[in-house]
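A.B. asks: Hey, dropping upload.cif in here, mmCIF, C-alpha atoms:
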data_work
loop_
_atom_site.label_atom_id
_atom_site.label_comp_id
_atom_site.auth_asym_id
_atom_site.auth_seq_id
_atom_site.Cartn_x
_atom_site.Cartn_y
_atom_site.Cartn_z
CA MET G 1 -70.85 91.86 -42.96
CA GLU G 2 -69.33 95.30 -42.48
CA PRO G 3 -65.76 95.67 -41.19
CA PHE G 4 -65.46 95.52 -37.42
CA PRO G 5 -65.25 99.09 -36.08
CA GLU G 6 -62.02 100.00 -34.34
CA THR G 7 -61.74 101.72 -31.01
CA SER G 8 -59.14 102.04 -28.31
CA ASP G 9 -61.49 103.79 -25.89
CA ARG G 10 -61.46 101.73 -22.74
CA LYS G 11 -65.02 102.48 -21.71
CA SER G 12 -66.38 101.52 -25.14
CA LEU G 13 -64.34 98.34 -25.18
CA GLU G 14 -65.35 97.22 -21.71
CA SER G 15 -68.90 98.49 -21.40
CA GLY G 16 -70.10 98.73 -25.00
CA GLU G 17 -72.31 96.52 -27.11
CA VAL G 18 -70.18 97.00 -30.22
CA LEU G 19 -67.89 94.17 -31.28
CA SER G 20 -64.52 95.87 -31.83
CA PRO G 21 -61.87 93.16 -31.65
CA ARG G 22 -58.42 94.54 -30.94
CA PHE G 23 -56.31 92.64 -33.45
CA ASN G 24 -52.60 92.69 -32.65
CA SER G 25 -49.85 94.07 -34.87
CA ASP G 26 -50.11 90.91 -36.98
CA GLY G 27 -53.85 91.45 -37.36
CA LEU G 28 -54.69 88.54 -35.07
CA VAL G 29 -56.54 87.83 -31.83
CA PRO G 30 -56.07 84.70 -29.70
CA VAL G 31 -59.02 82.33 -29.62
CA VAL G 32 -59.79 79.83 -26.89
CA ALA G 33 -62.00 76.89 -27.91
CA THR G 34 -63.71 74.79 -25.25
CA ASP G 35 -66.19 71.95 -25.45
CA HIS G 36 -69.61 73.53 -24.92
CA GLU G 37 -70.73 70.76 -22.59
CA SER G 38 -67.72 69.45 -20.69
CA GLY G 39 -65.78 72.71 -20.51
CA VAL G 40 -62.62 70.92 -21.64
CA LEU G 41 -60.13 73.31 -23.21
CA LEU G 42 -59.76 71.89 -26.71
CA MET G 43 -57.26 74.27 -28.29
CA HIS G 44 -55.82 77.75 -28.50
CA ALA G 45 -55.62 79.35 -31.91
CA TRP G 46 -55.76 82.68 -33.72
CA MET G 47 -58.17 84.58 -35.94
CA ASN G 48 -57.83 87.56 -38.21
CA ALA G 49 -60.84 89.67 -39.13
CA GLU G 50 -61.73 87.49 -42.11
CA ALA G 51 -61.54 84.30 -40.05
CA LEU G 52 -63.86 85.83 -37.46
CA ARG G 53 -66.27 87.00 -40.14
CA GLN G 54 -66.37 83.53 -41.71
CA THR G 55 -66.79 81.90 -38.29
CA LEU G 56 -69.75 84.13 -37.51
CA GLU G 57 -71.38 83.53 -40.89
CA ARG G 58 -70.66 79.82 -41.16
CA GLY G 59 -71.20 78.78 -37.55
CA GLU G 60 -68.06 76.64 -37.73
CA ALA G 61 -64.60 77.61 -36.47
CA VAL G 62 -62.37 79.22 -39.06
CA TYR G 63 -58.93 80.17 -37.75
CA TRP G 64 -55.84 81.81 -39.19
CA SER G 65 -53.00 79.33 -39.50
CA ARG G 66 -49.81 81.11 -38.54
CA SER G 67 -47.67 78.23 -39.81
CA ARG G 68 -49.35 78.01 -43.20
CA ASN G 69 -50.22 81.71 -43.34
CA GLU G 70 -53.73 81.05 -44.57
CA LEU G 71 -57.33 80.75 -43.45
CA TRP G 72 -57.95 77.42 -41.78
CA HIS G 73 -61.43 75.96 -41.74
CA LYS G 74 -60.85 73.55 -38.88
CA GLY G 75 -61.84 70.03 -39.90
CA ALA G 76 -61.87 70.69 -43.64
CA THR G 77 -59.33 67.88 -44.10
CA SER G 78 -60.00 65.66 -41.08
CA GLY G 79 -63.75 66.10 -40.82
CA HIS G 80 -63.20 67.23 -37.23
CA VAL G 81 -65.26 70.38 -37.65
CA GLN G 82 -66.00 72.62 -34.65
CA ARG G 83 -69.65 73.68 -34.58
CA VAL G 84 -69.92 76.99 -32.80
CA ARG G 85 -72.51 77.06 -30.03
CA GLU G 86 -71.50 80.41 -28.58
CA ILE G 87 -68.88 83.12 -29.04
CA ARG G 88 -67.81 85.37 -26.18
CA ILE G 89 -65.28 88.20 -25.95
CA ASP G 90 -63.29 89.49 -23.01
CA CYS G 91 -63.27 92.85 -21.27
CA ASP G 92 -60.69 94.58 -23.44
CA GLN G 93 -61.81 92.73 -26.57
CA ASP G 94 -58.47 91.18 -27.38
CA THR G 95 -59.44 87.52 -26.89
CA LEU G 96 -62.33 85.41 -28.18
CA TRP G 97 -63.87 82.35 -26.53
CA LEU G 98 -65.57 79.79 -28.72
CA LEU G 99 -67.82 77.19 -27.11
CA VAL G 100 -68.04 74.43 -29.68
CA LYS G 101 -69.36 70.98 -30.41
CA GLN G 102 -66.31 69.11 -31.68
CA ASP G 103 -67.13 66.67 -34.47
CA GLY G 104 -65.20 63.41 -34.51
CA PRO G 105 -62.80 62.03 -31.91
CA GLY G 106 -60.95 65.24 -31.13
CA CYS G 107 -59.31 68.44 -32.27
CA CYS G 108 -55.65 67.65 -31.81
CA HIS G 109 -53.56 66.46 -34.75
CA VAL G 110 -51.54 64.28 -32.35
CA GLY G 111 -54.60 62.08 -31.76
CA TYR G 112 -56.25 63.43 -28.64
CA GLU G 113 -59.59 65.03 -27.88
CA SER G 114 -57.76 68.13 -26.63
CA CYS G 115 -54.35 69.58 -27.43
CA PHE G 116 -53.76 69.79 -23.67
CA TYR G 117 -53.12 66.08 -23.13
CA ARG G 118 -50.20 66.61 -20.73
CA ARG G 119 -50.09 67.85 -17.18
CA VAL G 120 -47.13 69.75 -15.78
CA GLN G 121 -45.94 68.17 -12.56
CA LEU G 122 -43.04 68.91 -10.27
CA ASP G 123 -40.88 65.89 -9.49
CA GLU G 124 -39.33 65.20 -6.10
CA HIS G 125 -36.53 67.67 -6.86
CA GLY G 126 -38.98 70.42 -7.83
CA HIS G 127 -38.21 70.04 -11.54
CA PRO G 128 -41.18 70.24 -13.92
CA THR G 129 -42.01 67.20 -16.03
CA LEU G 130 -44.90 66.41 -18.33
CA VAL G 131 -47.31 63.61 -17.50
CA PHE G 132 -49.47 61.98 -20.16
CA ASP G 133 -52.78 61.48 -18.38
CA ARG G 134 -55.20 61.38 -21.31
CA GLU G 135 -55.98 58.51 -23.66
CA ARG G 136 -55.55 58.91 -27.38
CA THR G 137 -58.93 58.99 -29.10
CA TYR G 138 -57.77 58.25 -32.65
CA ASP G 139 -54.76 57.47 -34.80
CA PRO G 140 -53.70 60.55 -36.79
CA GLU G 141 -52.40 58.30 -39.57
CA ASP G 142 -55.99 57.29 -40.29
CA VAL G 143 -56.95 60.90 -40.82
CA TYR G 144 -54.13 63.02 -42.16
CA MET B 1 -35.41 75.77 -10.75
CA GLU B 2 -33.20 75.42 -13.81
CA PRO B 3 -34.00 77.32 -17.01
CA PHE B 4 -36.56 75.61 -19.23
CA PRO B 5 -34.71 73.72 -21.98
CA GLU B 6 -35.37 74.94 -25.52
CA THR B 7 -36.21 72.75 -28.46
CA SER B 8 -37.90 73.18 -31.80
CA ASP B 9 -37.95 69.47 -32.55
CA ARG B 10 -41.55 68.61 -33.23
CA LYS B 11 -41.39 65.06 -31.91
CA SER B 12 -39.82 66.18 -28.63
CA LEU B 13 -42.36 68.95 -28.23
CA GLU B 14 -45.39 66.78 -28.92
CA SER B 15 -44.35 63.43 -27.48
CA GLY B 16 -41.80 64.33 -24.83
CA GLU B 17 -41.93 64.58 -21.09
CA VAL B 18 -39.73 67.67 -20.97
CA LEU B 19 -41.38 71.03 -20.35
CA SER B 20 -39.96 73.25 -23.12
CA PRO B 21 -42.33 76.19 -23.49
CA ARG B 22 -41.97 77.93 -26.81
CA PHE B 23 -41.95 81.57 -25.79
CA ASN B 24 -42.69 83.97 -28.65
CA SER B 25 -40.39 86.71 -29.92
CA ASP B 26 -41.42 88.81 -26.90
CA GLY B 27 -40.50 85.96 -24.57
CA LEU B 28 -44.15 85.20 -23.76
CA VAL B 29 -46.66 82.35 -24.01
CA PRO B 30 -50.42 82.75 -23.86
CA VAL B 31 -52.08 81.35 -20.74
CA VAL B 32 -55.71 80.27 -20.44
CA ALA B 33 -57.13 80.23 -16.91
CA THR B 34 -60.32 78.31 -16.19
CA ASP B 35 -62.20 77.58 -12.98
CA HIS B 36 -61.09 74.12 -11.92
CA GLU B 37 -64.62 73.06 -11.02
CA SER B 38 -67.05 74.84 -13.33
CA GLY B 39 -64.82 75.00 -16.41
CA VAL B 40 -65.67 78.69 -16.87
CA LEU B 41 -63.01 80.52 -18.83
CA LEU B 42 -61.86 83.17 -16.39
CA MET B 43 -59.20 85.03 -18.35
CA HIS B 44 -56.54 84.92 -21.02
CA ALA B 45 -53.12 86.28 -20.09
CA TRP B 46 -49.40 85.87 -20.75
CA MET B 47 -46.36 84.49 -18.97
CA ASN B 48 -42.66 84.83 -19.50
CA ALA B 49 -40.24 82.23 -18.17
CA GLU B 50 -39.93 83.93 -14.80
CA ALA B 51 -43.71 84.19 -14.37
CA LEU B 52 -44.04 80.48 -15.13
CA ARG B 53 -41.26 79.62 -12.72
CA GLN B 54 -42.89 81.67 -9.94
CA THR B 55 -46.30 80.17 -10.71
CA LEU B 56 -44.88 76.65 -10.41
CA GLU B 57 -43.08 77.43 -7.18
CA ARG B 58 -45.78 79.52 -5.53
CA GLY B 59 -48.86 77.58 -6.64
CA GLU B 60 -50.58 80.87 -7.43
CA ALA B 61 -50.90 82.48 -10.85
CA VAL B 62 -48.16 84.96 -11.71
CA TYR B 63 -48.51 86.52 -15.14
CA TRP B 64 -46.56 89.01 -17.20
CA SER B 65 -48.44 92.27 -17.54
CA ARG B 66 -47.91 93.52 -21.08
CA SER B 67 -49.45 96.91 -20.23
CA ARG B 68 -47.31 97.50 -17.15
CA ASN B 69 -44.33 95.53 -18.44
CA GLU B 70 -43.80 93.73 -15.17
CA LEU B 71 -44.51 90.52 -13.32
CA TRP B 72 -48.08 90.43 -12.09
CA HIS B 73 -48.99 88.29 -9.11
CA LYS B 74 -52.70 88.14 -9.79
CA GLY B 75 -54.66 89.24 -6.74
CA ALA B 76 -51.75 90.94 -4.98
CA THR B 77 -53.78 94.16 -4.91
CA SER B 78 -57.37 92.92 -4.98
CA GLY B 79 -56.93 89.75 -2.96
CA HIS B 80 -58.43 87.84 -5.88
CA VAL B 81 -55.60 85.31 -5.99
CA GLN B 82 -55.78 82.33 -8.34
CA ARG B 83 -54.75 79.12 -6.58
CA VAL B 84 -53.36 76.73 -9.16
CA ARG B 85 -54.90 73.26 -9.07
CA GLU B 86 -53.35 72.01 -12.30
CA ILE B 87 -51.16 73.24 -15.15
CA ARG B 88 -51.38 71.70 -18.62
CA ILE B 89 -49.54 72.44 -21.86
CA ASP B 90 -50.59 71.94 -25.45
CA CYS B 91 -49.14 69.76 -28.20
CA ASP B 92 -46.59 72.23 -29.56
CA GLN B 93 -45.91 73.71 -26.12
CA ASP B 94 -46.81 77.27 -27.00
CA THR B 95 -49.86 77.64 -24.74
CA LEU B 96 -50.45 76.93 -21.05
CA TRP B 97 -53.72 76.02 -19.36
CA LEU B 98 -54.16 76.86 -15.69
CA LEU B 99 -57.01 75.26 -13.77
CA VAL B 100 -57.47 77.48 -10.75
CA LYS B 101 -59.52 78.16 -7.69
CA GLN B 102 -60.34 81.84 -7.95
CA ASP B 103 -60.34 83.60 -4.59
CA GLY B 104 -62.94 86.31 -4.08
CA PRO B 105 -65.83 87.28 -6.33
CA GLY B 106 -64.01 87.08 -9.64
CA CYS B 107 -60.95 87.74 -11.75
CA CYS B 108 -62.12 90.59 -13.96
CA HIS B 109 -61.28 94.17 -13.04
CA VAL B 110 -64.63 95.28 -14.52
CA GLY B 111 -66.43 93.45 -11.72
CA TYR B 112 -67.32 90.05 -13.10
CA GLU B 113 -66.36 86.48 -12.23
CA SER B 114 -64.93 86.06 -15.73
CA CYS B 115 -63.54 88.55 -18.24
CA PHE B 116 -65.84 86.94 -20.83
CA TYR B 117 -69.06 88.53 -19.60
CA ARG B 118 -70.41 89.31 -23.06
CA ARG B 119 -71.75 87.03 -25.76
CA VAL B 120 -71.39 87.84 -29.45
CA GLN B 121 -74.76 87.65 -31.16
CA LEU B 122 -75.86 88.38 -34.71
CA ASP B 123 -78.83 90.73 -34.92
CA GLU B 124 -81.66 90.38 -37.43
CA HIS B 125 -79.47 91.97 -40.10
CA GLY B 126 -76.58 89.60 -39.44
CA HIS B 127 -74.54 92.29 -37.69
CA PRO B 128 -72.65 91.21 -34.56
CA THR B 129 -73.56 92.82 -31.26
CA LEU B 130 -72.48 92.14 -27.72
CA VAL B 131 -74.98 90.92 -25.14
CA PHE B 132 -74.36 91.29 -21.41
CA ASP B 133 -75.66 88.00 -20.03
CA ARG B 134 -73.68 87.75 -16.79
CA GLU B 135 -74.29 89.47 -13.48
CA ARG B 136 -71.63 91.60 -11.87
CA THR B 137 -70.23 89.91 -8.80
CA TYR B 138 -68.59 92.93 -7.18
CA ASP B 139 -68.01 96.66 -7.50
CA PRO B 140 -64.45 97.37 -8.69
CA GLU B 141 -64.48 100.65 -6.78
CA ASP B 142 -64.54 98.68 -3.56
CA VAL B 143 -61.36 96.86 -4.55
CA TYR B 144 -59.05 98.94 -6.74
#
Write the structure described by the file as structure tokens, please.

C.D. replies:
Amino acid sequence: MEPFPETSDRKSLESGEVLSPRFNSDGLVPVVATDHESGVLLMHAWMNAEALRQTLERGEAVYWSRSRNELWHKGATSGHVQRVREIRIDCDQDTLWLLVKQDGPGCCHVGYESCFYRRVQLDEHGHPTLVFDRERTYDPEDVY
Amino acid sequence: MEPFPETSDRKSLESGEVLSPRFNSDGLVPVVATDHESGVLLMHAWMNAEALRQTLERGEAVYWSRSRNELWHKGATSGHVQRVREIRIDCDQDTLWLLVKQDGPGCCHVGYESCFYRRVQLDEHGHPTLVFDRERTYDPEDVY
């Protein structure tokens, strides 16, 4: 696969048929992964150009791990692979949306289907608190 | 509303009930906004602490515009306000998920319901192209 062409021309970015991801100064774009059927937001991650290339070729999500500073084939350790059903890009081509079939009980290393297992709620004084309103789907100690 | 407490303790972040958003070096966190009913990914944006505070208090999405370098009450100009039905946060508290009711015909300034109006598709040579597979829902010239 050839390198992704670069452009900063707004019309080309918004109205063109050329994939020209606008990687940030770290060479990354944010990636939103949702379940292709339920629409649940599974996780938010990052890709560099190589991760995107591998994702397109492999059909499974490959991210860039900012903590480990390396390519991250999601599920390589846990088996919780994300099979890509569709990839979409936004108007100014600085964010990707992956619609995936999540293998296994979930994507979150804490043991939930989704990383977004807590709801922000204001208490009676107007202070935000976090409410756990999702069930764990697996025990991370069995996996990692 | 008091300032959001800061912590880098992993256990507190993942298992706690305290909202401690981990703003990046620019003071921002990524925000994913989806339609609260259909699950459609509407847009990806950013918030600083003040934008989050205003969003919580107002019940409507207030972002930080990185291009204009100012608070951005979504829909203040277009009328396409996003009414917040639910806010969620991820395991390491560095991403927010807004489930919203989008007022008007859409959130995207190009004229679509969602900013993600194009699908990435590999052509017969394995080269990625963008496919327009969504209908425009309004004419931006009527709004902006």

A.B. asks: Up to 6 Å from chain B, what residues of chain G turn up? Count all atoms listed in the file and give them as a list in words.

C.D. replies: Glu17, Val18, Leu19, Gly39, Ile87, Arg88, Ile89, Asp90, Cys91, Cys115, Phe116, Arg118, Arg119, Val120, Thr129 and Leu130 of chain G

A.B. asks: Take the residues from that selection and write them out as a PDB file, in the coordinates of the input, keeping C-alpha atoms.

C.D. replies:
ATOM      1  CA  GLU G  17     -72.310  96.520 -27.110  1.00  0.00           C
ATOM      2  CA  VAL G  18     -70.180  97.000 -30.220  1.00  0.00           C
ATOM      3  CA  LEU G  19     -67.890  94.170 -31.280  1.00  0.00           C
ATOM      4  CA  GLY G  39     -65.780  72.710 -20.510  1.00  0.00           C
ATOM      5  CA  ILE G  87     -68.880  83.120 -29.040  1.00  0.00           C
ATOM      6  CA  ARG G  88     -67.810  85.370 -26.180  1.00  0.00           C
ATOM      7  CA  ILE G  89     -65.280  88.200 -25.950  1.00  0.00           C
ATOM      8  CA  ASP G  90     -63.290  89.490 -23.010  1.00  0.00           C
ATOM      9  CA  CYS G  91     -63.270  92.850 -21.270  1.00  0.00           C
ATOM     10  CA  CYS G 115     -54.350  69.580 -27.430  1.00  0.00           C
ATOM     11  CA  PHE G 116     -53.760  69.790 -23.670  1.00  0.00           C
ATOM     12  CA  ARG G 118     -50.200  66.610 -20.730  1.00  0.00           C
ATOM     13  CA  ARG G 119     -50.090  67.850 -17.180  1.00  0.00           C
ATOM     14  CA  VAL G 120     -47.130  69.750 -15.780  1.00  0.00           C
ATOM     15  CA  THR G 129     -42.010  67.200 -16.030  1.00  0.00           C
ATOM     16  CA  LEU G 130     -44.900  66.410 -18.330  1.00  0.00           C
TER      17      LEU G 130
END

A.B. asks: Matching every Cα in sequence order between the two identical chains, what are the coordinates of chain G once fitted onto chain B? Write them as an mmCIF file with C-alpha atoms, in the coordinates of the input.

C.D. replies:
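For reference, part_4.cif as written:
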data_model
loop_
_atom_site.group_PDB
_atom_site.id
_atom_site.type_symbol
_atom_site.label_atom_id
_atom_site.label_comp_id
_atom_site.auth_asym_id
_atom_site.auth_seq_id
_atom_site.Cartn_x
_atom_site.Cartn_y
_atom_site.Cartn_z
ATOM 1 C CA MET G 1 -35.417 75.793 -10.753
ATOM 2 C CA GLU G 2 -33.208 75.410 -13.811
ATOM 3 C CA PRO G 3 -34.004 77.313 -17.018
ATOM 4 C CA PHE G 4 -36.564 75.611 -19.226
ATOM 5 C CA PRO G 5 -34.718 73.726 -21.988
ATOM 6 C CA GLU G 6 -35.368 74.931 -25.511
ATOM 7 C CA THR G 7 -36.218 72.744 -28.447
ATOM 8 C CA SER G 8 -37.891 73.184 -31.788
ATOM 9 C CA ASP G 9 -37.949 69.460 -32.543
ATOM 10 C CA ARG G 10 -41.548 68.595 -33.226
ATOM 11 C CA LYS G 11 -41.391 65.056 -31.904
ATOM 12 C CA SER G 12 -39.822 66.187 -28.618
ATOM 13 C CA LEU G 13 -42.364 68.956 -28.232
ATOM 14 C CA GLU G 14 -45.379 66.776 -28.919
ATOM 15 C CA SER G 15 -44.363 63.430 -27.478
ATOM 16 C CA GLY G 16 -41.781 64.322 -24.833
ATOM 17 C CA GLU G 17 -41.955 64.578 -21.075
ATOM 18 C CA VAL G 18 -39.737 67.661 -20.970
ATOM 19 C CA LEU G 19 -41.373 71.028 -20.362
ATOM 20 C CA SER G 20 -39.958 73.250 -23.120
ATOM 21 C CA PRO G 21 -42.325 76.192 -23.496
ATOM 22 C CA ARG G 22 -41.969 77.931 -26.836
ATOM 23 C CA PHE G 23 -41.951 81.576 -25.798
ATOM 24 C CA ASN G 24 -42.685 83.965 -28.654
ATOM 25 C CA SER G 25 -40.397 86.715 -29.917
ATOM 26 C CA ASP G 26 -41.431 88.813 -26.912
ATOM 27 C CA GLY G 27 -40.515 85.959 -24.581
ATOM 28 C CA LEU G 28 -44.148 85.203 -23.778
ATOM 29 C CA VAL G 29 -46.644 82.350 -24.014
ATOM 30 C CA PRO G 30 -50.434 82.759 -23.849
ATOM 31 C CA VAL G 31 -52.087 81.356 -20.747
ATOM 32 C CA VAL G 32 -55.696 80.267 -20.450
ATOM 33 C CA ALA G 33 -57.128 80.222 -16.913
ATOM 34 C CA THR G 34 -60.321 78.303 -16.183
ATOM 35 C CA ASP G 35 -62.186 77.582 -12.980
ATOM 36 C CA HIS G 36 -61.083 74.102 -11.908
ATOM 37 C CA GLU G 37 -64.616 73.058 -11.022
ATOM 38 C CA SER G 38 -67.047 74.843 -13.322
ATOM 39 C CA GLY G 39 -64.812 75.006 -16.388
ATOM 40 C CA VAL G 40 -65.670 78.682 -16.849
ATOM 41 C CA LEU G 41 -63.011 80.513 -18.839
ATOM 42 C CA LEU G 42 -61.869 83.172 -16.384
ATOM 43 C CA MET G 43 -59.212 85.019 -18.369
ATOM 44 C CA HIS G 44 -56.523 84.923 -21.013
ATOM 45 C CA ALA G 45 -53.124 86.273 -20.091
ATOM 46 C CA TRP G 46 -49.411 85.872 -20.751
ATOM 47 C CA MET G 47 -46.366 84.492 -18.969
ATOM 48 C CA ASN G 48 -42.657 84.831 -19.498
ATOM 49 C CA ALA G 49 -40.247 82.229 -18.164
ATOM 50 C CA GLU G 50 -39.931 83.939 -14.787
ATOM 51 C CA ALA G 51 -43.702 84.194 -14.372
ATOM 52 C CA LEU G 52 -44.039 80.485 -15.125
ATOM 53 C CA ARG G 53 -41.255 79.622 -12.703
ATOM 54 C CA GLN G 54 -42.885 81.674 -9.938
ATOM 55 C CA THR G 55 -46.298 80.162 -10.708
ATOM 56 C CA LEU G 56 -44.893 76.658 -10.413
ATOM 57 C CA GLU G 57 -43.063 77.421 -7.171
ATOM 58 C CA ARG G 58 -45.769 79.504 -5.528
ATOM 59 C CA GLY G 59 -48.846 77.579 -6.638
ATOM 60 C CA GLU G 60 -50.581 80.871 -7.429
ATOM 61 C CA ALA G 61 -50.893 82.481 -10.866
ATOM 62 C CA VAL G 62 -48.154 84.943 -11.710
ATOM 63 C CA TYR G 63 -48.512 86.520 -15.151
ATOM 64 C CA TRP G 64 -46.550 89.021 -17.203
ATOM 65 C CA SER G 65 -48.440 92.280 -17.549
ATOM 66 C CA ARG G 66 -47.922 93.539 -21.073
ATOM 67 C CA SER G 67 -49.451 96.920 -20.225
ATOM 68 C CA ARG G 68 -47.321 97.509 -17.146
ATOM 69 C CA ASN G 69 -44.349 95.532 -18.459
ATOM 70 C CA GLU G 70 -43.817 93.751 -15.171
ATOM 71 C CA LEU G 71 -44.515 90.527 -13.319
ATOM 72 C CA TRP G 72 -48.085 90.423 -12.093
ATOM 73 C CA HIS G 73 -48.982 88.295 -9.107
ATOM 74 C CA LYS G 74 -52.700 88.134 -9.798
ATOM 75 C CA GLY G 75 -54.659 89.236 -6.740
ATOM 76 C CA ALA G 76 -51.748 90.937 -4.991
ATOM 77 C CA THR G 77 -53.772 94.170 -4.888
ATOM 78 C CA SER G 78 -57.361 92.900 -4.964
ATOM 79 C CA GLY G 79 -56.931 89.738 -2.929
ATOM 80 C CA HIS G 80 -58.417 87.841 -5.872
ATOM 81 C CA VAL G 81 -55.601 85.311 -5.974
ATOM 82 C CA GLN G 82 -55.771 82.325 -8.346
ATOM 83 C CA ARG G 83 -54.754 79.107 -6.596
ATOM 84 C CA VAL G 84 -53.355 76.722 -9.156
ATOM 85 C CA ARG G 85 -54.903 73.261 -9.066
ATOM 86 C CA GLU G 86 -53.351 72.011 -12.287
ATOM 87 C CA ILE G 87 -51.171 73.235 -15.145
ATOM 88 C CA ARG G 88 -51.369 71.700 -18.607
ATOM 89 C CA ILE G 89 -49.535 72.447 -21.854
ATOM 90 C CA ASP G 90 -50.581 71.931 -25.447
ATOM 91 C CA CYS G 91 -49.139 69.769 -28.197
ATOM 92 C CA ASP G 92 -46.604 72.232 -29.563
ATOM 93 C CA GLN G 93 -45.924 73.721 -26.129
ATOM 94 C CA ASP G 94 -46.817 77.276 -27.010
ATOM 95 C CA THR G 95 -49.856 77.651 -24.729
ATOM 96 C CA LEU G 96 -50.434 76.918 -21.042
ATOM 97 C CA TRP G 97 -53.722 76.021 -19.355
ATOM 98 C CA LEU G 98 -54.147 76.839 -15.696
ATOM 99 C CA LEU G 99 -57.009 75.249 -13.772
ATOM 100 C CA VAL G 100 -57.445 77.471 -10.748
ATOM 101 C CA LYS G 101 -59.515 78.143 -7.675
ATOM 102 C CA GLN G 102 -60.336 81.839 -7.946
ATOM 103 C CA ASP G 103 -60.345 83.600 -4.582
ATOM 104 C CA GLY G 104 -62.940 86.315 -4.083
ATOM 105 C CA PRO G 105 -65.832 87.292 -6.343
ATOM 106 C CA GLY G 106 -64.014 87.088 -9.658
ATOM 107 C CA CYS G 107 -60.955 87.740 -11.766
ATOM 108 C CA CYS G 108 -62.108 90.585 -13.959
ATOM 109 C CA HIS G 109 -61.270 94.174 -13.043
ATOM 110 C CA VAL G 110 -64.617 95.267 -14.526
ATOM 111 C CA GLY G 111 -66.461 93.447 -11.726
ATOM 112 C CA TYR G 112 -67.323 90.038 -13.110
ATOM 113 C CA GLU G 113 -66.359 86.491 -12.227
ATOM 114 C CA SER G 114 -64.927 86.065 -15.733
ATOM 115 C CA CYS G 115 -63.544 88.543 -18.246
ATOM 116 C CA PHE G 116 -65.843 86.933 -20.824
ATOM 117 C CA TYR G 117 -69.064 88.527 -19.580
ATOM 118 C CA ARG G 118 -70.407 89.290 -23.070
ATOM 119 C CA ARG G 119 -71.752 87.038 -25.766
ATOM 120 C CA VAL G 120 -71.409 87.845 -29.449
ATOM 121 C CA GLN G 121 -74.768 87.647 -31.170
ATOM 122 C CA LEU G 122 -75.878 88.374 -34.697
ATOM 123 C CA ASP G 123 -78.833 90.743 -34.928
ATOM 124 C CA GLU G 124 -81.648 90.396 -37.444
ATOM 125 C CA HIS G 125 -79.470 92.006 -40.124
ATOM 126 C CA GLY G 126 -76.579 89.618 -39.460
ATOM 127 C CA HIS G 127 -74.536 92.303 -37.694
ATOM 128 C CA PRO G 128 -72.646 91.218 -34.567
ATOM 129 C CA THR G 129 -73.550 92.837 -31.259
ATOM 130 C CA LEU G 130 -72.472 92.142 -27.706
ATOM 131 C CA VAL G 131 -74.973 90.916 -25.141
ATOM 132 C CA PHE G 132 -74.355 91.282 -21.416
ATOM 133 C CA ASP G 133 -75.650 88.007 -20.012
ATOM 134 C CA ARG G 134 -73.674 87.744 -16.776
ATOM 135 C CA GLU G 135 -74.297 89.464 -13.456
ATOM 136 C CA ARG G 136 -71.629 91.603 -11.877
ATOM 137 C CA THR G 137 -70.227 89.902 -8.790
ATOM 138 C CA TYR G 138 -68.588 92.935 -7.174
ATOM 139 C CA ASP G 139 -68.010 96.656 -7.504
ATOM 140 C CA PRO G 140 -64.455 97.359 -8.705
ATOM 141 C CA GLU G 141 -64.474 100.659 -6.810
ATOM 142 C CA ASP G 142 -64.531 98.680 -3.569
ATOM 143 C CA VAL G 143 -61.370 96.873 -4.560
ATOM 144 C CA TYR G 144 -59.088 98.935 -6.747
#

A.B. asks: Written as a PDB file with C-alpha atoms, in the coordinates of the input, which residues does the PyMOL selection byres ((chain G and resi 72) around 10) give for the file shown?

C.D. replies:
ATOM      1  CA  TRP G  46     -55.760  82.680 -33.720  1.00  0.00           C
ATOM      2  CA  MET G  47     -58.170  84.580 -35.940  1.00  0.00           C
ATOM      3  CA  ALA G  51     -61.540  84.300 -40.050  1.00  0.00           C
ATOM      4  CA  ALA G  61     -64.600  77.610 -36.470  1.00  0.00           C
ATOM      5  CA  VAL G  62     -62.370  79.220 -39.060  1.00  0.00           C
ATOM      6  CA  TYR G  63     -58.930  80.170 -37.750  1.00  0.00           C
ATOM      7  CA  TRP G  64     -55.840  81.810 -39.190  1.00  0.00           C
ATOM      8  CA  SER G  65     -53.000  79.330 -39.500  1.00  0.00           C
ATOM      9  CA  ARG G  66     -49.810  81.110 -38.540  1.00  0.00           C
ATOM     10  CA  ARG G  68     -49.350  78.010 -43.200  1.00  0.00           C
ATOM     11  CA  ASN G  69     -50.220  81.710 -43.340  1.00  0.00           C
ATOM     12  CA  GLU G  70     -53.730  81.050 -44.570  1.00  0.00           C
ATOM     13  CA  LEU G  71     -57.330  80.750 -43.450  1.00  0.00           C
ATOM     14  CA  HIS G  73     -61.430  75.960 -41.740  1.00  0.00           C
ATOM     15  CA  LYS G  74     -60.850  73.550 -38.880  1.00  0.00           C
ATOM     16  CA  GLY G  75     -61.840  70.030 -39.900  1.00  0.00           C
ATOM     17  CA  ALA G  76     -61.870  70.690 -43.640  1.00  0.00           C
ATOM     18  CA  THR G  77     -59.330  67.880 -44.100  1.00  0.00           C
TER      19      THR G  77
END

A.B. asks: Name the closest residue to Pro140 of chain G among the candidates G:Glu6, G:Glu60, G:Glu113, G:Asp123; distances are taken between atoms, counting only C-alpha atoms.

C.D. replies: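 Closest candidate: G:Glu113.
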
A.B. asks: Could you put an axis-aligned box around every listed atom of segment 107-113 of chain B, padded by 4 Å on each side, and send me its centre and edge lengths in Å to one decimal, as AutoDock Vina command-line options?

C.D. replies:
--center_x -64.1 --center_y 90.9 --center_z -13.1 --size_x 14.4 --size_y 16.8 --size_z 10.8

A.B. asks: What's the separation between atom CA of Leu52 of chain G and atom CA of Ser8 of chain G, in Å to one decimal place?

C.D. replies: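 These atoms are spaced 19.2 Å apart.
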
A.B. asks: Pick out the residues sitting within 8 Å of Gly111 of chain B, and hand them over as a list in words; count all atoms listed in the file, and ignore anything fewer than 3 positions along from it in its own chain.

C.D. replies: Gly106, Cys107, Cys108, Arg136, Thr137, Tyr138, Asp139 and Pro140 of chain B
